[in-house]
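Colleague: Quick one: this structure, given as structure tokens, is what I'll be asking you about.
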Amino acid sequence: MTDAQETAAALRTTTGGGPPDEVAKSDGLPIPLLEPRDGIPPVVADEDALARVIAAFAAGTGPVAVDAERASGYRYGQRAYLVQLRREGAGSTLIDPVGCPDLSGLGEVLSGTEWILHAATQDLPCLREIGMVPTSLFDTELAGRLAGFPRVGLGAMVESVLGYALEKGHSAVDWSTRPLPEPWLRYAALDVELLVDLRDALEEELDRQGKLDWARQEFDAIASAPPAPPRKDPWRRTSGMHKVRRRRQMAVVRELWNTRDRIAQRRDVSPGKVLGDAAIVEAALALPVNAHALAALPGYGQRMGRRQLDQWMAAVDRAKALPENELPLPGQSQAGPPPPRSWADKDPLAAARLSAARAAVSARAEELKLPQENLVAPDSVRRLCWEPPQRVSEASVSEALSGYGARAWQIEQVAPSLATALTEARAAS
């Protein structure tokens, strides 16, 4: 049992987190949480109901638990199809962003209030789209990572910290379905039922471990981060792309990917439901001469109509007709170092530095009982090792890490070890 789990066990017996009037089972098994304490709230889907919710949450006290459900794998994009909130004095609410697409009024009354989310970076983009942007937050998933919990999913955290079992069977359903079935709504309401309790217990644990300030720095960084820029050349992330070597074949992937994306956006369905990545790669590798040859490839079988085959074949033909100077270049243009797998050939000294640095980070993370990627971003370590300071010292390493976006606590914990690792790697060369 880790230190975090020992404290969690103590918290369960001393605070009894969770719904009132519940007592932890003497056999130590988690208590199934089957119903929200106030029942399933009605879904808010019109402006009048939303106005009442805004007033109630404005009058509430303390932090607000927030969650959002998307329709990943079913719909195009990552928009929210249900938003769940809970606050002391206001209770829980379920809001339908289809009926209420602008929640900026709710976001405004909660400005300055701490938002509690689990895996905040997953939900913040879709919340931002509907006008909800926190000024401060507490991420229970990230808190669990920093505290050293081995499993940090919401269900696992609620069970290990508070002693309750959440039913997680509806996490991957199509949340764009209307009307939403009652079991789904119950599941959604329960997702925010214990977030405040979980936050309080994790704050206590982080404080006990001396990591509470670290967590606050991380939360502030998430809350203040700007929206992520659009991904450059997203077609390059097609699954199976590593098989595609020739530039003409890459052009076919690009054209099919872009065609699929336009169709998926127009139909508001997941791109994978229009054409699978494997089918795109198959066509790129085969370079079929006509629709009949395309139909013989996996992914373009009997269920695909002639019209669909013709549109995919037209995309292939467009790619085949491109002049050489318009074909995509191998590899994705990127700022920063190349993939580490190529370092040994391109720069053996950099590869040696990276090996030493990774070992140092791993050792320090083990000492602190937290994941390496949370101690310092792997990309920051790669950049530091690819272009180290001319004069390696703790100060110069700290300055470099700060330039890469590392937080003060991260720099304090890893700069000495990384400076030593770079110095020793240089001496060994």
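Starting from 1 in every chain, residues are counted up; chains themselves are A, B, ... following the order of the structure tokens, and ligands are numbered from 1 as listed.
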For Ile280 of chain A, please output as a compact mmCIF listing (two decimals) with all heavy atoms, in the first residue's frame all residues within 12 Å (counting only C-alpha atoms; exclusion window: fewer than 3 positions along the same chain).

Modeller:
# COMPACT_ATOMS: atom_id res chain seq x y z
N TRP A 235 -3.51 14.87 -41.19
CA TRP A 235 -3.59 13.62 -41.96
C TRP A 235 -2.39 12.72 -41.71
O TRP A 235 -2.46 11.51 -41.90
CB TRP A 235 -3.71 13.93 -43.46
CG TRP A 235 -2.58 14.74 -44.02
CD1 TRP A 235 -2.51 16.09 -44.09
CD2 TRP A 235 -1.36 14.24 -44.58
NE1 TRP A 235 -1.32 16.49 -44.67
CE2 TRP A 235 -0.60 15.37 -44.98
CE3 TRP A 235 -0.83 12.97 -44.80
CZ2 TRP A 235 0.66 15.25 -45.57
CZ3 TRP A 235 0.42 12.84 -45.37
CH2 TRP A 235 1.14 13.98 -45.76
N ARG A 236 -1.28 13.32 -41.27
CA ARG A 236 -0.08 12.52 -41.00
C ARG A 236 -0.26 11.59 -39.80
O ARG A 236 0.55 10.68 -39.60
CB ARG A 236 1.13 13.43 -40.78
CG ARG A 236 1.58 14.18 -42.03
CD ARG A 236 2.84 14.98 -41.74
NE ARG A 236 3.26 15.78 -42.87
CZ ARG A 236 4.10 15.38 -43.82
NH1 ARG A 236 4.61 14.17 -43.77
NH2 ARG A 236 4.43 16.18 -44.81
N ARG A 237 -1.30 11.82 -39.02
CA ARG A 237 -1.55 10.98 -37.85
C ARG A 237 -2.50 9.81 -38.17
O ARG A 237 -2.98 9.13 -37.27
CB ARG A 237 -2.14 11.83 -36.72
CG ARG A 237 -1.15 12.88 -36.22
CD ARG A 237 -1.77 13.75 -35.13
NE ARG A 237 -2.13 13.00 -33.96
CZ ARG A 237 -1.29 12.69 -32.96
NH1 ARG A 237 -0.03 13.09 -33.02
NH2 ARG A 237 -1.70 12.01 -31.92
N THR A 238 -2.76 9.59 -39.44
CA THR A 238 -3.58 8.44 -39.84
C THR A 238 -2.95 7.15 -39.31
O THR A 238 -1.76 6.92 -39.49
CB THR A 238 -3.68 8.38 -41.37
OG1 THR A 238 -4.24 9.61 -41.86
CG2 THR A 238 -4.56 7.23 -41.82
N SER A 239 -3.76 6.33 -38.67
CA SER A 239 -3.25 5.07 -38.13
C SER A 239 -2.72 4.19 -39.26
O SER A 239 -3.39 3.98 -40.26
CB SER A 239 -4.37 4.35 -37.38
OG SER A 239 -3.91 3.14 -36.83
N GLY A 240 -1.50 3.70 -39.10
CA GLY A 240 -0.87 2.88 -40.14
C GLY A 240 -0.01 3.69 -41.09
O GLY A 240 0.54 3.14 -42.07
N MET A 241 0.14 4.98 -40.80
CA MET A 241 0.90 5.86 -41.69
C MET A 241 2.36 5.43 -41.83
O MET A 241 3.01 5.74 -42.84
CB MET A 241 0.81 7.29 -41.14
CG MET A 241 1.37 8.37 -42.03
SD MET A 241 0.35 8.60 -43.49
CE MET A 241 1.43 9.65 -44.47
N LYS A 243 3.49 2.76 -42.66
CA LYS A 243 3.68 1.87 -43.81
C LYS A 243 3.87 2.66 -45.11
O LYS A 243 4.32 2.10 -46.11
CB LYS A 243 2.47 0.95 -43.96
CG LYS A 243 2.15 0.09 -42.74
CD LYS A 243 0.87 -0.69 -42.97
CE LYS A 243 0.44 -1.44 -41.73
NZ LYS A 243 -0.88 -2.11 -41.94
N VAL A 244 3.47 3.91 -45.10
CA VAL A 244 3.46 4.72 -46.32
C VAL A 244 4.82 5.41 -46.47
O VAL A 244 5.17 6.27 -45.65
CB VAL A 244 2.32 5.75 -46.28
CG1 VAL A 244 2.30 6.58 -47.57
CG2 VAL A 244 0.98 5.05 -46.07
N GLN A 249 2.27 8.16 -52.55
CA GLN A 249 1.36 7.46 -51.64
C GLN A 249 0.91 8.38 -50.51
O GLN A 249 -0.25 8.35 -50.09
CB GLN A 249 2.05 6.21 -51.08
CG GLN A 249 2.36 5.15 -52.13
CD GLN A 249 3.21 4.03 -51.56
OE1 GLN A 249 4.03 4.25 -50.65
NE2 GLN A 249 3.04 2.82 -52.09
N MET A 250 1.84 9.18 -50.00
CA MET A 250 1.48 10.14 -48.96
C MET A 250 0.44 11.13 -49.46
O MET A 250 -0.47 11.53 -48.72
CB MET A 250 2.74 10.87 -48.47
CG MET A 250 3.74 9.97 -47.76
SD MET A 250 5.32 10.79 -47.47
CE MET A 250 4.82 12.12 -46.41
N ALA A 251 0.55 11.53 -50.72
CA ALA A 251 -0.43 12.44 -51.30
C ALA A 251 -1.82 11.81 -51.34
O ALA A 251 -2.84 12.49 -51.14
CB ALA A 251 0.01 12.85 -52.71
N VAL A 252 -1.88 10.50 -51.60
CA VAL A 252 -3.16 9.80 -51.59
C VAL A 252 -3.76 9.81 -50.19
O VAL A 252 -4.96 10.06 -50.01
CB VAL A 252 -2.99 8.36 -52.11
CG1 VAL A 252 -4.29 7.56 -51.92
CG2 VAL A 252 -2.60 8.36 -53.58
N VAL A 253 -2.94 9.54 -49.17
CA VAL A 253 -3.43 9.60 -47.79
C VAL A 253 -4.00 10.99 -47.51
O VAL A 253 -5.10 11.13 -46.96
CB VAL A 253 -2.31 9.27 -46.79
CG1 VAL A 253 -2.78 9.52 -45.35
CG2 VAL A 253 -1.86 7.82 -46.94
N ARG A 254 -3.24 12.02 -47.87
CA ARG A 254 -3.68 13.39 -47.60
C ARG A 254 -5.02 13.70 -48.28
O ARG A 254 -5.94 14.25 -47.67
CB ARG A 254 -2.62 14.38 -48.06
CG ARG A 254 -2.97 15.84 -47.82
CD ARG A 254 -1.83 16.75 -48.23
NE ARG A 254 -1.55 16.67 -49.67
CZ ARG A 254 -0.54 17.32 -50.26
NH1 ARG A 254 0.31 18.04 -49.52
NH2 ARG A 254 -0.36 17.20 -51.56
N GLU A 255 -5.15 13.32 -49.54
CA GLU A 255 -6.36 13.64 -50.29
C GLU A 255 -7.57 12.86 -49.77
O GLU A 255 -8.66 13.41 -49.61
CB GLU A 255 -6.15 13.35 -51.78
CG GLU A 255 -7.21 13.95 -52.67
CD GLU A 255 -7.26 15.46 -52.60
OE1 GLU A 255 -6.18 16.09 -52.51
OE2 GLU A 255 -8.38 16.02 -52.62
N LEU A 256 -7.37 11.58 -49.47
CA LEU A 256 -8.47 10.78 -48.91
C LEU A 256 -8.86 11.29 -47.52
O LEU A 256 -10.04 11.36 -47.19
CB LEU A 256 -8.07 9.30 -48.84
CG LEU A 256 -8.08 8.53 -50.17
CD1 LEU A 256 -7.45 7.16 -49.99
CD2 LEU A 256 -9.50 8.40 -50.72
N TRP A 257 -7.86 11.63 -46.72
CA TRP A 257 -8.14 12.13 -45.37
C TRP A 257 -8.95 13.42 -45.44
O TRP A 257 -9.94 13.58 -44.72
CB TRP A 257 -6.82 12.36 -44.62
CG TRP A 257 -6.99 12.59 -43.14
CD1 TRP A 257 -6.82 11.68 -42.14
CD2 TRP A 257 -7.34 13.83 -42.49
NE1 TRP A 257 -7.05 12.26 -40.92
CE2 TRP A 257 -7.37 13.57 -41.10
CE3 TRP A 257 -7.62 15.11 -42.94
CZ2 TRP A 257 -7.68 14.56 -40.17
CZ3 TRP A 257 -7.95 16.10 -42.02
CH2 TRP A 257 -7.97 15.83 -40.64
N ASN A 258 -8.53 14.35 -46.29
CA ASN A 258 -9.23 15.63 -46.40
C ASN A 258 -10.64 15.45 -46.95
O ASN A 258 -11.59 16.12 -46.51
CB ASN A 258 -8.44 16.60 -47.29
CG ASN A 258 -7.19 17.12 -46.59
OD1 ASN A 258 -7.14 17.22 -45.37
ND2 ASN A 258 -6.16 17.44 -47.37
N THR A 259 -10.80 14.56 -47.93
CA THR A 259 -12.13 14.28 -48.47
C THR A 259 -13.03 13.69 -47.39
O THR A 259 -14.19 14.10 -47.22
CB THR A 259 -12.03 13.31 -49.66
OG1 THR A 259 -11.21 13.90 -50.68
CG2 THR A 259 -13.40 13.00 -50.23
N ARG A 260 -12.50 12.72 -46.65
CA ARG A 260 -13.26 12.12 -45.56
C ARG A 260 -13.65 13.15 -44.52
O ARG A 260 -14.78 13.15 -44.02
CB ARG A 260 -12.43 11.00 -44.90
CG ARG A 260 -13.13 10.33 -43.74
CD ARG A 260 -12.25 9.31 -43.05
NE ARG A 260 -11.16 9.92 -42.31
CZ ARG A 260 -10.33 9.24 -41.51
NH1 ARG A 260 -10.46 7.92 -41.40
NH2 ARG A 260 -9.36 9.86 -40.88
N PRO A 271 -15.29 10.78 -38.36
CA PRO A 271 -14.63 10.42 -39.62
C PRO A 271 -14.45 8.92 -39.80
O PRO A 271 -14.55 8.41 -40.92
CB PRO A 271 -13.29 11.15 -39.53
CG PRO A 271 -13.58 12.34 -38.68
CD PRO A 271 -14.57 11.85 -37.66
N GLY A 272 -14.20 8.20 -38.73
CA GLY A 272 -14.01 6.76 -38.83
C GLY A 272 -15.25 6.02 -39.31
O GLY A 272 -15.15 4.90 -39.82
N VAL A 274 -17.10 7.24 -41.69
CA VAL A 274 -17.17 7.51 -43.12
C VAL A 274 -16.22 6.59 -43.88
O VAL A 274 -16.58 5.96 -44.87
CB VAL A 274 -16.83 8.99 -43.40
CG1 VAL A 274 -16.82 9.28 -44.90
CG2 VAL A 274 -17.83 9.91 -42.70
N LEU A 275 -14.99 6.52 -43.41
CA LEU A 275 -13.98 5.65 -44.02
C LEU A 275 -12.89 5.40 -42.98
O LEU A 275 -12.40 6.35 -42.35
CB LEU A 275 -13.37 6.32 -45.27
CG LEU A 275 -12.41 5.45 -46.10
CD1 LEU A 275 -13.17 4.32 -46.78
CD2 LEU A 275 -11.67 6.30 -47.14
N GLY A 276 -12.52 4.17 -42.78
CA GLY A 276 -11.53 3.83 -41.77
C GLY A 276 -10.12 4.21 -42.17
O GLY A 276 -9.79 4.27 -43.37
N ASP A 277 -9.28 4.44 -41.20
CA ASP A 277 -7.88 4.74 -41.47
C ASP A 277 -7.21 3.62 -42.25
O ASP A 277 -6.40 3.88 -43.15
CB ASP A 277 -7.11 4.95 -40.15
CG ASP A 277 -7.33 6.34 -39.58
OD1 ASP A 277 -8.19 7.07 -40.09
OD2 ASP A 277 -6.63 6.69 -38.61
N ALA A 283 -5.50 2.07 -49.82
CA ALA A 283 -5.58 2.72 -51.13
C ALA A 283 -4.27 3.43 -51.47
O ALA A 283 -3.84 3.43 -52.63
CB ALA A 283 -6.73 3.71 -51.13
N ALA A 284 -3.63 4.01 -50.47
CA ALA A 284 -2.36 4.70 -50.72
C ALA A 284 -1.27 3.73 -51.15
O ALA A 284 -0.48 4.02 -52.05
CB ALA A 284 -1.93 5.46 -49.47
N LEU A 285 -1.24 2.57 -50.52
CA LEU A 285 -0.21 1.59 -50.86
C LEU A 285 -0.46 0.95 -52.22
O LEU A 285 0.48 0.67 -52.97
CB LEU A 285 -0.16 0.51 -49.78
CG LEU A 285 0.27 0.96 -48.38
CD1 LEU A 285 0.17 -0.19 -47.39
CD2 LEU A 285 1.68 1.52 -48.39
N ALA A 286 -1.73 0.75 -52.56
CA ALA A 286 -2.05 0.04 -53.80
C ALA A 286 -2.08 0.95 -55.02
O ALA A 286 -1.86 0.50 -56.15
CB ALA A 286 -3.40 -0.67 -53.64
N LEU A 287 -2.41 2.24 -54.83
CA LEU A 287 -2.57 3.18 -55.94
C LEU A 287 -3.45 2.56 -57.04
O LEU A 287 -3.01 2.35 -58.18
CB LEU A 287 -1.21 3.59 -56.52
CG LEU A 287 -0.29 4.41 -55.60
CD1 LEU A 287 1.06 4.66 -56.26
CD2 LEU A 287 -0.96 5.72 -55.23
N PRO A 288 -4.70 2.25 -56.75
CA PRO A 288 -5.58 1.56 -57.70
C PRO A 288 -5.78 2.38 -58.98
O PRO A 288 -5.81 3.62 -58.94
CB PRO A 288 -6.89 1.40 -56.93
CG PRO A 288 -6.86 2.49 -55.90
CD PRO A 288 -5.42 2.62 -55.50
N LEU A 294 -10.21 -0.36 -56.79
CA LEU A 294 -10.38 0.17 -55.43
C LEU A 294 -11.36 -0.69 -54.64
O LEU A 294 -11.14 -0.98 -53.45
CB LEU A 294 -10.88 1.62 -55.49
CG LEU A 294 -11.12 2.33 -54.15
CD1 LEU A 294 -9.80 2.50 -53.40
CD2 LEU A 294 -11.77 3.68 -54.37
N LEU A 297 -10.11 -3.65 -52.59
CA LEU A 297 -9.26 -3.43 -51.42
C LEU A 297 -10.08 -3.53 -50.13
O LEU A 297 -11.27 -3.20 -50.12
CB LEU A 297 -8.60 -2.06 -51.50
CG LEU A 297 -7.66 -1.81 -52.68
CD1 LEU A 297 -7.16 -0.36 -52.67
CD2 LEU A 297 -6.48 -2.78 -52.65
N PRO A 298 -9.45 -3.94 -49.03
CA PRO A 298 -10.15 -3.96 -47.74
C PRO A 298 -10.67 -2.58 -47.38
O PRO A 298 -9.98 -1.57 -47.52
CB PRO A 298 -9.05 -4.40 -46.75
CG PRO A 298 -8.06 -5.15 -47.59
CD PRO A 298 -8.07 -4.47 -48.93
N GLY A 299 -11.92 -2.53 -46.93
CA GLY A 299 -12.53 -1.27 -46.55
C GLY A 299 -13.40 -0.66 -47.62
O GLY A 299 -14.13 0.31 -47.37
N TYR A 300 -13.34 -1.20 -48.82
CA TYR A 300 -14.14 -0.68 -49.93
C TYR A 300 -15.02 -1.79 -50.52
O TYR A 300 -15.21 -1.88 -51.72
CB TYR A 300 -13.23 -0.11 -51.03
CG TYR A 300 -12.30 0.97 -50.57
CD1 TYR A 300 -11.03 0.66 -50.08
CD2 TYR A 300 -12.67 2.31 -50.62
CE1 TYR A 300 -10.17 1.65 -49.65
CE2 TYR A 300 -11.81 3.30 -50.20
CZ TYR A 300 -10.56 2.97 -49.71
OH TYR A 300 -9.71 3.96 -49.29
N TRP A 312 -14.20 8.31 -53.63
CA TRP A 312 -12.87 7.95 -53.12
C TRP A 312 -11.88 7.78 -54.27
O TRP A 312 -10.72 8.20 -54.15
CB TRP A 312 -12.94 6.66 -52.31
CG TRP A 312 -13.87 6.72 -51.13
CD1 TRP A 312 -14.87 5.85 -50.82
CD2 TRP A 312 -13.89 7.72 -50.09
NE1 TRP A 312 -15.51 6.24 -49.67
CE2 TRP A 312 -14.93 7.38 -49.20
CE3 TRP A 312 -13.14 8.87 -49.84
CZ2 TRP A 312 -15.25 8.14 -48.07
CZ3 TRP A 312 -13.45 9.64 -48.72
CH2 TRP A 312 -14.49 9.28 -47.85
N MET A 313 -12.34 7.23 -55.38
CA MET A 313 -11.44 7.08 -56.52
C MET A 313 -11.05 8.44 -57.08
O MET A 313 -9.90 8.64 -57.52
CB MET A 313 -12.12 6.24 -57.61
CG MET A 313 -11.15 5.80 -58.71
SD MET A 313 -9.84 4.72 -58.07
CE MET A 313 -8.40 5.38 -58.94
N ALA A 315 -10.62 11.10 -55.36
CA ALA A 315 -9.58 11.61 -54.46
C ALA A 315 -8.24 10.99 -54.78
O ALA A 315 -7.20 11.67 -54.82
CB ALA A 315 -9.97 11.34 -53.01
N VAL A 316 -8.23 9.68 -55.04
CA VAL A 316 -6.99 9.00 -55.41
C VAL A 316 -6.44 9.58 -56.72
O VAL A 316 -5.23 9.85 -56.85
CB VAL A 316 -7.22 7.48 -55.54
CG1 VAL A 316 -5.97 6.79 -56.09
CG2 VAL A 316 -7.61 6.87 -54.19

Colleague: Looking only at the backbone, which of the residues in segment 57-242 of chain A does DSSP tag as helix (DSSP H, G or I), as number ranges by chain?

Modeller: A: 57-59, 104-109, 120-129, 140-147, 154-162, 182-193, 195-209, 212-224, 234-237, 241-242

Colleague: Identify which of the residues A:Phe149, A:Phe57, A:Trp386, A:Phe138 lies closest to Gly91 of chain A, counting only C-alpha atoms when measuring atom-to-atom distances.

Modeller: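 Closest residue, counting only C-alpha atoms: A:Phe57.
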
Colleague: Applying 8 Å and only C-alpha atoms, which residues near Ser72 of chain A remain after dropping the ones on its own chain fewer than 6 positions away? List them as a ChimeraX atom specification.

Modeller: /A:78,172,174,270

Colleague: Write out the residues from the selection above, keeping N, CA and C atoms, as a PDB file, in the first residue's frame.

Modeller:
ATOM      1  N   GLN A  78     -15.498  17.466 -31.028  1.00  0.00           N
ATOM      2  CA  GLN A  78     -15.499  17.101 -29.612  1.00  0.00           C
ATOM      3  C   GLN A  78     -16.411  18.009 -28.802  1.00  0.00           C
ATOM      4  N   ALA A 172     -18.806   5.459 -22.775  1.00  0.00           N
ATOM      5  CA  ALA A 172     -18.530   5.523 -24.213  1.00  0.00           C
ATOM      6  C   ALA A 172     -19.796   5.477 -25.061  1.00  0.00           C
ATOM      7  N   ASP A 174     -23.273   7.089 -27.021  1.00  0.00           N
ATOM      8  CA  ASP A 174     -23.492   8.225 -27.912  1.00  0.00           C
ATOM      9  C   ASP A 174     -24.315   9.280 -27.176  1.00  0.00           C
ATOM     10  N   SER A 270     -18.536  10.879 -36.906  1.00  0.00           N
ATOM     11  CA  SER A 270     -17.117  10.616 -36.699  1.00  0.00           C
ATOM     12  C   SER A 270     -16.468  10.224 -38.027  1.00  0.00           C
TER      13      SER A 270
END

Colleague: Near Pro330 of chain A, within 8 Å and counting only C-alpha atoms, which residues show up once chain neighbours fewer than 2 positions away are dropped, as an NGL selection string?

Modeller: :A and (245-247 or 328 or 332)

Colleague: Residues of segment 133-171 of chain A classed as strand (DSSP E) by DSSP on the backbone are to be reported as a PyMOL selection string.

Modeller: chain A and resi 136-139+164-166

Colleague: So that I can see what lies close to Ala406 of chain A, please list as a list in words the residues with an atom at most 10 Å from it, counting only C-alpha atoms and leaving out residues fewer than 6 positions away in the same chain.

Modeller: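 Result of the neighbour search: Glu218, Ala221, Leu375, Val376, Ala377, Ser380, Ser398, Glu399, Ala400 and Glu412 of chain A.
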
Colleague: Find the spatial neighbours of Arg75 of chain A, counting only C-alpha atoms, within a cut-off of 6 Å - ignore same-chain residues fewer than 3 positions away - and output them as a PyMOL selection string.

Modeller: chain A and resi 71+268-270

Colleague: Residues within 12 Å of Leu206 of chain A, please, as a VMD selection string. Count only C-alpha atoms; anything in the same chain fewer than 4 positions from it doesn't count.

Modeller: chain A and resid 3 to 5 7 to 8 140 142 to 149 199 to 202 210 to 216 369 to 370

Colleague: Of the candidates A:Glu108, A:Asp123, A:Glu387, A:Glu141, which one gets nearest to Asn374 of chain A if we count only C-alpha atoms?

Modeller: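 Between A:Glu108, A:Asp123, A:Glu387, A:Glu141, the residue approaching Asn374 of chain A most closely is A:Glu141.
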